[in-house]
Amino acid sequence: MNKERNLIHSIVYPAVATGLILLIPFIAMQFSNEVVWTLSDFAIAGTLLFGTGLTYTLVTRKSGKIAYRLAVGFALFTGLLLIWVNMAVGIIGSENNDINLLYFLVIFTGIVGGFISQFQPKGLMITLFAMAIVQALIAVTALLTGMGNTPGSSVYEIIAVNGFFITLFIVAASLFRYADLDRKIS
């Protein structure tokens with residue numbers, strides 16, 4: 001009975017949060033012509049938000065450690081932000097630039113690393129550092145192939161945006177390092 005209740009809460013909380021967040025653009029559309037979302041925009045955003053929330057709930061449900069929960073939340077938020085920005089406007093050039101597909105390798109690295117590490121803090125720390133490295137390699141590849149001359153992306157913009165995400169992944173890795181130390185002390 002308790003397992004069923006926990007499973008229901010694992011699904012209901014992210015679903016309710018997703019619905020509430022999606023109300024923001026829905027309400028904004030009623031008052032502004034500048035917010036124009038299609039049904040597919042809502043479906044994609046809903047899937048991303050619900051998937052992120054469900055992942056957070058499932059990964060952290062057995063841990064009462066605040067440091068671990070914070071680290072997981074920060075890492076998932078960073079991954080969600082990377083996908084959202086990439087799909088909305090693109091990181092290099094526009095969202096239609098094929099090189100932007102490479103950023104899904106960063107997320108893939110995180111998913112694979114999470115499962116390999118069995119979502120343990122030390123393994124997730126290594127995974128987040130690996131994600132930062134993959135992000136950096138994509139930026140270097142873009143710069144070496146002349147993408148810094150792409151309309152909508154200067155060399156500075158490519159370095160700044162990728163540097164921002166690399167920094168967030170390193171901060172998340174550091175939070176997992178702290179969570180691992182917290183686990184060893186307890």
# chains A, B, ... in the order shown; residues from 1 in each chain; ligands from 1
$ residues_around --residues "A:Met87" --least-positions-apart "3" --cutoff "10 Å" --atoms "only C-alpha atoms" --output "list in words"
Ile44, Leu81, Leu82, Ile83, Trp84, Gly90, Ile91, Ser94, Glu95, Asn96, Asn100 and Leu101 of chain A
$ residues_around --residues "stretch 162-174 of chain A" --least-positions-apart "4" --cutoff "9 Å" --atoms "only C-alpha atoms" --output "short mmCIF file (atom, residue, chain, number, x, y, z; two decimals) with C-alpha atoms, in the first residue's frame"
data_model
loop_
_atom_site.label_atom_id
_atom_site.label_comp_id
_atom_site.auth_asym_id
_atom_site.auth_seq_id
_atom_site.Cartn_x
_atom_site.Cartn_y
_atom_site.Cartn_z
CA LEU A 70 19.99 19.76 -4.24
CA ALA A 71 22.67 18.29 -6.51
CA VAL A 72 20.14 16.20 -8.44
CA GLY A 73 17.80 19.18 -8.78
CA PHE A 74 20.58 21.48 -9.99
CA ALA A 75 21.86 18.91 -12.50
CA THR A 78 20.79 22.52 -16.03
CA GLY A 79 19.99 19.69 -18.45
CA LEU A 81 17.69 24.49 -19.51
CA LEU A 82 20.18 23.22 -22.10
CA ILE A 91 22.90 27.53 -29.09
CA PRO A 121 26.98 10.83 -5.73
CA LYS A 122 30.59 10.05 -6.69
CA LEU A 124 27.23 11.44 -10.73
CA MET A 125 30.04 13.86 -9.95
CA ILE A 126 32.17 12.16 -12.62
CA THR A 127 29.19 12.13 -14.98
CA LEU A 128 28.63 15.88 -14.60
CA PHE A 129 32.31 16.57 -15.28
CA ALA A 130 32.01 14.36 -18.39
CA MET A 131 28.96 16.37 -19.48
CA ALA A 132 30.97 19.59 -19.09
CA ILE A 133 33.74 18.09 -21.23
CA GLN A 135 29.79 20.52 -23.92
CA ALA A 136 33.28 22.02 -24.28
CA ILE A 138 31.05 20.68 -29.03
CA ALA A 139 31.97 24.34 -28.61
CA GLU A 157 28.49 34.11 -28.14
CA ILE A 158 29.54 30.49 -28.67
CA TYR A 178 29.72 17.65 -1.44
CA ALA A 179 26.84 15.12 -1.31
#
$ closest_residue --among "A:Thr18, A:Ser32, A:Thr60, A:Ser10" --to "A:Thr47" --atoms "only C-alpha atoms"
A:Thr18
$ residues_around --residues "A:Ile99" --least-positions-apart "4" --cutoff "12 Å" --atoms "only C-alpha atoms" --output "list in words"
Asn86, Gly90, Ile91, Ile92, Gly93, Ser94, Glu95, Tyr103, Phe104, Leu105, Ile138, Ala139, Val140, Thr141, Ala142, Leu143, Thr145, Gly146, Met147, Gly148 and Thr150 of chain A
$ write_last_selection --atoms "N, CA and C atoms" --output "PDB file, in the first residue's frame"
ATOM      1  N   ASN A  86      18.247  25.181 -26.436  1.00  0.00           N
ATOM      2  CA  ASN A  86      18.651  24.613 -27.721  1.00  0.00           C
ATOM      3  C   ASN A  86      17.454  24.457 -28.654  1.00  0.00           C
ATOM      4  N   GLY A  90      18.243  27.733 -30.294  1.00  0.00           N
ATOM      5  CA  GLY A  90      19.526  27.180 -30.735  1.00  0.00           C
ATOM      6  C   GLY A  90      20.665  27.789 -29.946  1.00  0.00           C
ATOM      7  N   ILE A  91      21.718  27.036 -29.802  1.00  0.00           N
ATOM      8  CA  ILE A  91      22.895  27.528 -29.088  1.00  0.00           C
ATOM      9  C   ILE A  91      23.898  28.078 -30.088  1.00  0.00           C
ATOM     10  N   ILE A  92      23.966  27.438 -31.236  1.00  0.00           N
ATOM     11  CA  ILE A  92      24.833  27.926 -32.310  1.00  0.00           C
ATOM     12  C   ILE A  92      23.938  28.238 -33.500  1.00  0.00           C
ATOM     13  N   GLY A  93      23.888  29.505 -33.859  1.00  0.00           N
ATOM     14  CA  GLY A  93      22.984  29.920 -34.920  1.00  0.00           C
ATOM     15  C   GLY A  93      21.548  29.789 -34.447  1.00  0.00           C
ATOM     16  N   SER A  94      20.670  29.344 -35.341  1.00  0.00           N
ATOM     17  CA  SER A  94      19.259  29.170 -34.967  1.00  0.00           C
ATOM     18  C   SER A  94      19.019  27.734 -34.515  1.00  0.00           C
ATOM     19  N   GLU A  95      17.800  27.499 -34.044  1.00  0.00           N
ATOM     20  CA  GLU A  95      17.444  26.154 -33.599  1.00  0.00           C
ATOM     21  C   GLU A  95      17.460  25.146 -34.741  1.00  0.00           C
ATOM     22  N   TYR A 103      24.234  18.728 -29.044  1.00  0.00           N
ATOM     23  CA  TYR A 103      24.026  19.000 -27.622  1.00  0.00           C
ATOM     24  C   TYR A 103      23.209  17.904 -26.934  1.00  0.00           C
ATOM     25  N   PHE A 104      22.507  17.115 -27.717  1.00  0.00           N
ATOM     26  CA  PHE A 104      21.803  15.982 -27.114  1.00  0.00           C
ATOM     27  C   PHE A 104      22.797  14.920 -26.630  1.00  0.00           C
ATOM     28  N   LEU A 105      24.030  14.961 -27.147  1.00  0.00           N
ATOM     29  CA  LEU A 105      25.084  14.072 -26.625  1.00  0.00           C
ATOM     30  C   LEU A 105      25.414  14.404 -25.171  1.00  0.00           C
ATOM     31  N   ILE A 138      31.977  20.194 -28.006  1.00  0.00           N
ATOM     32  CA  ILE A 138      31.049  20.677 -29.034  1.00  0.00           C
ATOM     33  C   ILE A 138      31.358  22.130 -29.374  1.00  0.00           C
ATOM     34  N   ALA A 139      31.627  22.936 -28.371  1.00  0.00           N
ATOM     35  CA  ALA A 139      31.966  24.344 -28.610  1.00  0.00           C
ATOM     36  C   ALA A 139      33.255  24.464 -29.406  1.00  0.00           C
ATOM     37  N   VAL A 140      34.264  23.696 -29.044  1.00  0.00           N
ATOM     38  CA  VAL A 140      35.542  23.730 -29.767  1.00  0.00           C
ATOM     39  C   VAL A 140      35.339  23.281 -31.211  1.00  0.00           C
ATOM     40  N   THR A 141      34.552  22.225 -31.393  1.00  0.00           N
ATOM     41  CA  THR A 141      34.255  21.742 -32.746  1.00  0.00           C
ATOM     42  C   THR A 141      33.569  22.831 -33.563  1.00  0.00           C
ATOM     43  N   ALA A 142      32.604  23.500 -32.952  1.00  0.00           N
ATOM     44  CA  ALA A 142      31.890  24.580 -33.653  1.00  0.00           C
ATOM     45  C   ALA A 142      32.846  25.695 -34.053  1.00  0.00           C
ATOM     46  N   LEU A 143      33.733  26.052 -33.157  1.00  0.00           N
ATOM     47  CA  LEU A 143      34.680  27.133 -33.457  1.00  0.00           C
ATOM     48  C   LEU A 143      35.685  26.716 -34.525  1.00  0.00           C
ATOM     49  N   THR A 145      35.262  24.595 -36.886  1.00  0.00           N
ATOM     50  CA  THR A 145      34.620  24.413 -38.189  1.00  0.00           C
ATOM     51  C   THR A 145      34.019  25.715 -38.731  1.00  0.00           C
ATOM     52  N   GLY A 146      34.336  26.834 -38.082  1.00  0.00           N
ATOM     53  CA  GLY A 146      33.912  28.133 -38.589  1.00  0.00           C
ATOM     54  C   GLY A 146      32.495  28.530 -38.241  1.00  0.00           C
ATOM     55  N   MET A 147      31.879  27.856 -37.274  1.00  0.00           N
ATOM     56  CA  MET A 147      30.506  28.199 -36.894  1.00  0.00           C
ATOM     57  C   MET A 147      30.420  29.565 -36.213  1.00  0.00           C
ATOM     58  N   GLY A 148      31.564  30.129 -35.803  1.00  0.00           N
ATOM     59  CA  GLY A 148      31.567  31.448 -35.192  1.00  0.00           C
ATOM     60  C   GLY A 148      31.183  32.537 -36.174  1.00  0.00           C
ATOM     61  N   THR A 150      28.564  31.982 -38.228  1.00  0.00           N
ATOM     62  CA  THR A 150      27.176  31.665 -38.551  1.00  0.00           C
ATOM     63  C   THR A 150      26.287  32.829 -38.134  1.00  0.00           C
TER      64      THR A 150
END
$ closest_residue --among "A:Leu102, A:Leu39, A:Leu22, A:Leu137" --to "A:Ile159" --atoms "only C-alpha atoms"
A:Leu137
$ select_by_dssp --residues "stretch 7-177 of chain A" --states "helix (DSSP H, G or I)" --output "PyMOL selection string"
chain A and resi 7-31+39-60+66-88+98-116+121-144+147-149+155-177
$ closest_residue --among "A:Trp37, A:Phe119, A:Tyr68, A:Tyr156" --to "A:Arg177" --atoms "only C-alpha atoms"
A:Tyr68
$ atom_distance --atom1 "atom CA of A:Phe31" --atom2 "atom CA of A:Leu49"
23.5 Å
